[in-house]
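J.: Pasting start.cif here (mmCIF, C-alpha atoms and all ligand atoms):
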```cif
data_coords
#
loop_
_atom_site.label_atom_id
_atom_site.label_comp_id
_atom_site.auth_asym_id
_atom_site.auth_seq_id
_atom_site.Cartn_x
_atom_site.Cartn_y
_atom_site.Cartn_z
CA MET A 8 -8.16 2.77 -14.36
CA ASP A 9 -4.70 1.73 -15.61
CA LEU A 10 -3.67 -0.74 -12.89
CA LEU A 11 -0.20 -1.33 -14.34
CA GLN A 12 0.52 2.40 -14.44
CA ILE A 13 -0.58 2.78 -10.80
CA ALA A 14 1.47 -0.29 -9.83
CA LYS A 15 4.58 1.21 -11.42
CA GLN A 16 4.13 4.38 -9.37
CA VAL A 17 3.62 2.38 -6.16
CA ALA A 18 6.74 0.31 -6.91
CA GLN A 19 8.79 3.48 -7.41
CA HIS A 20 7.66 4.99 -4.11
CA GLN A 21 8.37 1.71 -2.31
CA GLN A 22 11.82 1.45 -3.85
CA LYS A 23 12.78 5.09 -3.18
CA GLY A 24 11.10 5.32 0.24
CA GLN A 25 9.03 8.32 -0.85
CA GLU A 26 5.60 9.33 0.42
CA MET A 27 2.68 9.38 -1.97
CA ASP A 28 -0.96 10.44 -2.06
CA LYS A 29 -3.63 7.85 -1.39
CA ILE A 30 -4.58 6.14 -4.66
CA THR A 31 -8.26 6.38 -3.70
CA LEU A 32 -8.03 10.19 -3.90
CA SER A 33 -7.56 9.99 -7.67
CA HIS A 34 -9.32 6.61 -8.14
CA PRO A 35 -12.25 6.55 -5.69
CA LYS A 36 -13.75 3.51 -7.46
CA MET A 37 -10.73 1.30 -6.72
CA ASN A 38 -11.98 -1.88 -4.98
CA THR A 39 -10.06 -4.60 -3.13
CA ASP A 40 -9.73 -6.73 -6.29
CA HIS A 41 -8.08 -3.80 -8.08
CA ALA A 42 -5.92 -3.21 -5.00
CA TYR A 43 -4.62 -6.79 -4.83
CA GLU A 44 -3.92 -6.65 -8.56
CA ILE A 45 -1.92 -3.43 -8.06
CA GLN A 46 -0.04 -5.13 -5.20
CA LYS A 47 0.79 -8.10 -7.44
CA LEU A 48 1.86 -5.94 -10.39
CA SER A 49 4.00 -3.64 -8.24
CA MET A 50 5.79 -6.57 -6.62
CA GLU A 51 6.35 -8.03 -10.10
CA GLN A 52 8.14 -4.77 -10.91
CA ALA A 53 10.43 -5.36 -7.93
CA ILE A 54 10.98 -8.97 -8.99
CA GLU A 55 11.85 -7.86 -12.55
CA ASN A 56 14.48 -5.62 -10.93
CA GLY A 57 16.12 -8.59 -9.17
CA ASP A 58 14.02 -9.15 -6.05
CA ARG A 59 12.53 -12.59 -5.22
CA LEU A 60 9.20 -13.62 -3.67
CA ILE A 61 10.00 -15.54 -0.48
CA GLY A 62 6.72 -15.48 1.38
CA TRP A 63 3.63 -13.70 2.61
CA LYS A 64 2.50 -11.58 5.53
CA MET A 65 -0.83 -11.20 7.20
CA GLY A 66 -1.70 -7.72 8.40
CA LEU A 67 -4.39 -6.15 10.55
CA THR A 68 -5.02 -9.46 12.33
CA SER A 69 -5.96 -7.95 15.69
CA LYS A 70 -8.99 -5.86 16.62
CA ALA A 71 -6.69 -3.30 18.28
CA LYS A 72 -4.68 -2.88 15.09
CA GLN A 73 -7.80 -2.64 12.94
CA LEU A 74 -9.20 0.06 15.22
CA SER A 75 -5.94 2.02 15.25
CA VAL A 76 -5.92 2.37 11.44
CA GLY A 77 -9.69 2.38 10.91
CA VAL A 78 -9.76 -0.76 8.73
CA GLU A 79 -11.95 -3.71 9.65
CA GLU A 80 -10.47 -6.80 8.05
CA ALA A 81 -7.26 -8.78 7.81
CA ILE A 82 -5.21 -8.32 4.65
CA TYR A 83 -2.18 -9.98 3.11
CA GLY A 84 1.03 -8.78 1.50
CA ARG A 85 4.04 -10.21 -0.28
CA LEU A 86 7.50 -10.68 1.25
CA THR A 87 10.60 -10.48 -0.93
CA SER A 88 14.25 -11.31 -0.29
CA SER A 89 15.28 -7.63 -0.12
CA MET A 90 12.96 -7.15 2.88
CA GLU A 91 14.75 -9.68 5.09
CA LEU A 92 17.30 -8.20 7.50
CA THR A 93 20.23 -10.49 8.15
CA GLU A 94 21.89 -8.27 10.77
CA SER A 95 20.11 -6.88 13.82
CA THR A 96 20.38 -3.30 12.52
CA LEU A 97 17.65 -1.34 10.79
CA HIS A 98 18.73 1.69 8.75
CA VAL A 99 15.89 4.19 8.78
CA GLY A 100 17.49 6.70 6.37
CA PRO A 101 15.90 5.12 3.27
CA LEU A 102 12.50 4.67 5.00
CA ILE A 103 9.62 7.12 5.56
CA HIS A 104 8.12 6.58 9.05
CA PRO A 105 9.00 3.03 10.09
CA ARG A 106 7.18 1.17 12.84
CA VAL A 107 8.05 -2.20 14.34
CA GLU A 108 5.90 -4.98 15.74
CA PRO A 109 6.55 -8.46 17.19
CA GLU A 110 5.28 -11.41 15.18
CA PHE A 111 5.63 -15.16 14.71
CA ALA A 112 6.95 -16.38 11.37
CA PHE A 113 5.85 -19.80 10.09
CA VAL A 114 8.09 -21.65 7.61
CA LEU A 115 6.20 -24.21 5.52
CA ASN A 116 7.59 -27.43 4.10
CA ARG A 117 4.81 -28.26 1.66
CA GLU A 118 2.33 -26.41 -0.47
CA LEU A 119 -0.76 -25.05 1.26
CA LYS A 120 -3.73 -24.25 -0.92
CA GLY A 121 -7.49 -24.42 -1.26
CA GLU A 122 -10.61 -23.00 0.32
CA HIS A 123 -11.05 -26.04 2.62
CA ILE A 124 -7.69 -25.66 4.37
CA THR A 125 -7.77 -26.58 8.08
CA VAL A 126 -5.67 -25.85 11.14
CA ARG A 127 -4.52 -29.49 10.96
CA ASP A 128 -3.26 -28.99 7.39
CA VAL A 129 -1.22 -26.01 8.54
CA TRP A 130 0.38 -27.87 11.45
CA MET A 131 1.24 -30.82 9.18
CA ALA A 132 2.97 -28.43 6.78
CA THR A 133 4.81 -26.27 9.34
CA GLU A 134 8.53 -26.98 9.42
CA CYS A 135 9.28 -24.46 12.18
CA ILE A 136 8.30 -21.16 13.77
CA PHE A 137 10.57 -18.18 14.46
CA PRO A 138 10.03 -15.22 16.73
CA ALA A 139 10.24 -12.24 14.38
CA ILE A 140 10.03 -8.47 14.17
CA GLU A 141 8.25 -6.83 11.27
CA VAL A 142 9.06 -3.29 10.13
CA ILE A 143 6.11 -1.61 8.45
CA ASP A 144 6.41 1.67 6.55
CA SER A 145 3.28 2.90 4.81
CA ARG A 146 4.04 4.91 1.73
CA TYR A 147 0.99 7.12 2.50
CA ARG A 148 1.33 10.37 4.44
CA ASN A 149 0.74 10.01 8.20
CA PHE A 150 0.09 6.26 7.84
CA SER A 151 -3.39 7.30 6.71
CA PHE A 152 -5.16 5.08 4.16
CA THR A 153 -8.29 3.15 3.27
CA LEU A 154 -8.46 -0.64 3.07
CA GLU A 155 -7.90 -0.49 -0.71
CA ASP A 156 -4.93 1.87 -0.41
CA VAL A 157 -3.09 -0.26 2.14
CA ILE A 158 -3.63 -3.45 0.14
CA ALA A 159 -2.24 -1.78 -2.99
CA ASP A 160 0.81 -0.66 -0.96
CA ASN A 161 1.63 -4.31 -0.13
CA ALA A 162 0.14 -4.07 3.37
CA SER A 163 2.83 -1.52 4.35
CA SER A 164 5.54 -4.21 4.11
CA SER A 165 9.07 -2.90 4.47
CA LYS A 166 11.52 -5.19 6.34
CA PHE A 167 11.52 -8.12 8.73
CA ILE A 168 13.97 -10.04 10.83
CA LEU A 169 13.76 -13.59 12.15
CA GLY A 170 15.37 -14.78 15.38
CA ASN A 171 18.42 -17.05 15.14
CA GLN A 172 16.59 -19.95 16.78
CA ALA A 173 13.80 -21.83 15.01
CA PHE A 174 11.28 -23.73 17.15
CA SER A 175 9.29 -26.87 16.54
CA PRO A 176 5.60 -26.05 15.99
CA TYR A 177 4.92 -28.28 19.03
CA PHE A 178 7.34 -26.44 21.32
CA THR A 179 4.62 -24.37 22.98
CA SER A 180 1.04 -23.15 22.66
CA TRP A 181 1.69 -20.16 20.45
CA ASP A 182 -1.49 -18.36 21.53
CA THR A 183 -0.23 -18.24 25.14
CA VAL A 184 3.25 -16.82 24.47
CA GLU A 185 3.64 -13.49 26.22
CA VAL A 186 5.60 -10.80 24.47
CA LYS A 187 7.13 -7.58 25.81
CA MET A 188 8.63 -4.90 23.59
CA ARG A 189 11.13 -2.43 25.06
CA ARG A 190 12.41 0.77 23.54
CA ASN A 191 15.71 1.87 25.13
CA GLY A 192 15.00 -0.34 28.14
CA GLU A 193 11.43 0.81 28.79
CA VAL A 194 8.50 -1.52 28.19
CA VAL A 195 6.35 0.17 25.53
CA GLN A 196 4.08 -2.67 24.37
CA SER A 197 3.06 -6.07 25.64
CA GLY A 198 0.76 -8.71 24.26
CA VAL A 199 0.06 -12.39 23.85
CA GLY A 200 -0.02 -14.70 20.80
CA ALA A 201 -3.82 -14.95 20.95
CA ALA A 202 -3.96 -11.33 19.73
CA VAL A 203 -3.38 -12.79 16.26
CA LEU A 204 -6.87 -14.00 15.26
CA ASP A 205 -7.14 -15.92 18.59
CA HIS A 206 -4.26 -18.18 17.53
CA PRO A 207 -1.48 -17.43 15.01
CA VAL A 208 -2.16 -20.72 13.18
CA LYS A 209 -5.58 -19.34 12.22
CA SER A 210 -3.86 -16.50 10.44
CA ILE A 211 -2.12 -18.98 8.14
CA VAL A 212 -5.48 -20.68 7.45
CA GLU A 213 -6.98 -17.28 6.62
CA LEU A 214 -4.07 -16.42 4.33
CA VAL A 215 -4.42 -19.66 2.36
CA LYS A 216 -8.16 -19.04 1.90
CA MET A 217 -7.53 -15.48 0.73
CA LEU A 218 -4.79 -16.57 -1.68
CA ASN A 219 -7.02 -19.32 -3.03
CA LYS A 220 -9.47 -16.69 -4.26
CA GLU A 221 -6.67 -15.37 -6.49
CA GLY A 222 -5.60 -18.87 -7.61
CA LEU A 223 -2.46 -18.57 -5.46
CA SER A 224 -0.92 -20.78 -2.78
CA VAL A 225 1.84 -20.84 -0.17
CA GLN A 226 4.84 -22.69 -1.60
CA PRO A 227 7.19 -25.06 0.29
CA GLY A 228 10.04 -23.15 1.95
CA MET A 229 8.10 -19.90 2.14
CA VAL A 230 7.98 -17.78 5.28
CA VAL A 231 4.70 -16.31 6.53
CA LEU A 232 4.49 -13.48 9.06
CA ALA A 233 1.29 -14.26 10.97
CA GLY A 234 0.46 -10.74 12.21
CA GLY A 235 1.33 -8.24 14.93
CA ILE A 236 1.15 -9.50 18.53
CA THR A 237 1.15 -5.95 19.88
CA GLU A 238 0.55 -2.55 18.35
CA ALA A 239 3.40 -1.25 16.20
CA ILE A 240 5.67 1.50 17.58
CA ASN A 241 7.52 4.27 15.76
CA VAL A 242 11.29 3.91 15.75
CA TYR A 243 14.02 6.53 15.32
CA ALA A 244 17.78 6.48 14.77
CA GLY A 245 19.50 5.76 18.08
CA ASP A 246 16.72 3.53 19.46
CA VAL A 247 17.41 0.00 20.65
CA ILE A 248 14.37 -2.25 20.40
CA GLU A 249 14.25 -5.47 22.41
CA VAL A 250 11.39 -7.92 22.10
CA HIS A 251 11.19 -10.64 24.72
CA TYR A 252 9.14 -13.73 23.78
CA ASP A 253 8.40 -15.78 26.89
CA LYS A 254 10.40 -19.07 26.80
CA LEU A 255 11.69 -18.26 23.29
CA GLY A 256 14.30 -15.58 24.02
CA THR A 257 14.84 -11.97 23.00
CA LEU A 258 15.27 -10.28 19.62
CA LYS A 259 17.19 -7.01 19.44
CA LEU A 260 17.09 -4.38 16.73
CA HIS A 261 19.48 -1.42 16.64
CA ILE A 262 17.95 1.52 14.81
CA GLU A 263 20.51 3.55 12.87
CA GLN A 264 20.37 6.32 10.33
O1 LIG A 301 1.47 -5.75 9.43
C1 LIG A 301 0.45 -5.10 9.68
O2 LIG A 301 -0.44 -5.47 10.46
C2 LIG A 301 0.29 -3.76 8.97
C3 LIG A 301 -0.72 -3.85 7.91
C4 LIG A 301 -0.98 -2.50 7.30
C5 LIG A 301 -1.52 -1.48 8.24
C6 LIG A 301 -0.48 -0.59 8.79
O3 LIG A 301 0.34 -0.08 8.03
O4 LIG A 301 -0.50 -0.35 10.00
MG MG A 302 2.65 -7.04 10.68
#
```
So, in terms of structure tokens, how does the structure I just supplied come out?
T.:
Amino acid sequence: MDLLQIAKQVAQHQQKGQEMDKITLSHPKMNTDHAYEIQKLSMEQAIENGDRLIGWKMGLTSKAKQLSVGVEEAIYGRLTSSMELTESTLHVGPLIHPRVEPEFAFVLNRELKGEHITVRDVWMATECIFPAIEVIDSRYRNFSFTLEDVIADNASSSKFILGNQAFSPYFTSWDTVEVKMRRNGEVVQSGVGAAVLDHPVKSIVELVKMLNKEGLSVQPGMVVLAGGITEAINVYAGDVIEVHYDKLGTLKLHIEQ
């Protein structure tokens, strides 16, 4: 299996917003180690073309999410500078079948690494937390994939936006924050922070442990999306998405062609 060749194809589909066949159809022996290597190599392609690694995301962190895509474990992906939206508008023209989900984003102020990482280590290293919206856009037809496929496709990462206001990690109990997502004024999803591995901080612990297996770490200044608080919803040009985070305010995303 030529992992670099596969990674180049994945990178092209990600860059052009084009659907592709599941890699496991042509490479049924691909395992999760291969898949994370493909993810790394494909993101290196993007970085060679001018993008920059700015953080990590955790995906499939809730039972509901795992059930909805038929995958039974949390995964991680890489976030790059070109994924960050700086205006509250998402252009769906270049994307395939985007979905959005509310998340919390942790920003770290010191390196986090090692298999013995604790919740305390994460709190000591957390500079601030933002309410955030993640846009996922699987490159596979019908959002249908195996665990290995979705890892190789950078955990469906596409775009993300952070709120304007950062919060102290001690501002609230993040597992109790209630979240409501509206599409064009109608509530379409609601959830609570505990949906993310019982507490979003545990997602950061899990990420550090997973990265450690690859000899990687979370660097100071990096942003980490902890995982979806509700199920993701499809979005279409003309939609207005509003996510209300109890006590933290509301994030709006205008969906345009
Ligand atoms: O961020 C996520 O939880 C998505 C991970 C990949 C699975 C999917 O595309 O739904
Ligand atoms: Mg997510």
J.: At a cut-off of 10 Å around ligand LIG 301 (chain A), and using all atoms listed in the file, what residues come up? Please write them as a PyMOL selection string.
T.: chain A and resi 64-69+72-73+75-78+81-84+105-110+141-147+150-154+156-158+160-165+203+232-240
J.: Could you please determine the separation between CA of Asp182 (chain A) and CA of His251 (chain A) in Å, to one decimal place?
T.: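 Here the two named atoms are 15.2 Å from each other.
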J.: Between A:Met90, A:Leu97, A:Asp28, A:Leu74, which one has atoms that come closest to Met50 (chain A), using only C-alpha atoms?
T.: A:Met90
J.: Can you tell me, as an MDAnalysis selection string, what residues are no more than 12 Å from Glu51 (chain A) when counting only C-alpha atoms, ignoring any on the same chain fewer than 6 positions away?
T.: chainID A and resid 11 14:15 17:18 44:45 57:60 85:87 161
J.: Skip His98 (chain A) itself and residues of its chain fewer than 5 positions away, then list as a ChimeraX atom specification all residues within 7 Å of it, counting all atoms listed in the file.
T.: /A:262-264
J.: For a test of reading the model, state the distance in Å between CA of Trp63 (chain A) and CA of Gly198 (chain A), rounded to one decimal.
T.: 22.4 Å
J.: Just want the 9 Å neighbourhood of Asp128 (chain A), counted on all atoms listed in the file, with same-chain residues fewer than 5 positions away dropped. Output as a PDB file with C-alpha atoms, keeping the file's coordinate frame.
T.:
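Listing of around_23.pdb after writing:
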```pdb
ATOM      1  CA  LEU A 119      -0.760 -25.050   1.260  1.00  0.00           C
ATOM      2  CA  THR A 133       4.810 -26.270   9.340  1.00  0.00           C
ATOM      3  CA  VAL A 212      -5.480 -20.680   7.450  1.00  0.00           C
TER       4      VAL A 212
END
```
J.: Give me, as a VMD selection string, all polymer residues having an atom no more than 10 Å from Val184 (chain A), counting only C-alpha atoms and skipping those fewer than 3 positions away in the same chain.
T.: chain A and resid 179 to 181 198 to 201 236 252 to 255
J.: Measuring atom to atom with all atoms listed in the file, identify which of A:Phe113, A:Ser210, A:Val126, A:Ser197 is nearest to Phe174 (chain A).
T.: A:Phe113
J.: How many Å separate CA of Phe111 (chain A) from CA of Leu223 (chain A)?
T.: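 Distance reported for this atom pair: 22.0 Å.
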J.: Using all atoms listed in the file for the distances, tell me which of A:Val208, A:Leu48, A:Ala159, A:Ile168 is nearest to ligand MG 302 (chain A).
T.: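 Closest to ligand MG 302 (chain A), using all atoms listed in the file: A:Ile168.
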J.: Skip Gln172 (chain A) itself and residues of its chain fewer than 4 positions away, then list as JSON, numbers by chain all residues within 10 Å of it, counting all atoms listed in the file.
T.: {"A": [135, 136, 137, 138, 255, 256]}
J.: So, counting all atoms listed in the file, which residue among A:Ile61, A:Ala112, A:Met8, A:Met188 is closest to ligand MG 302 (chain A)?
T.: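 Under the stated criterion, the closest residue is A:Ala112.
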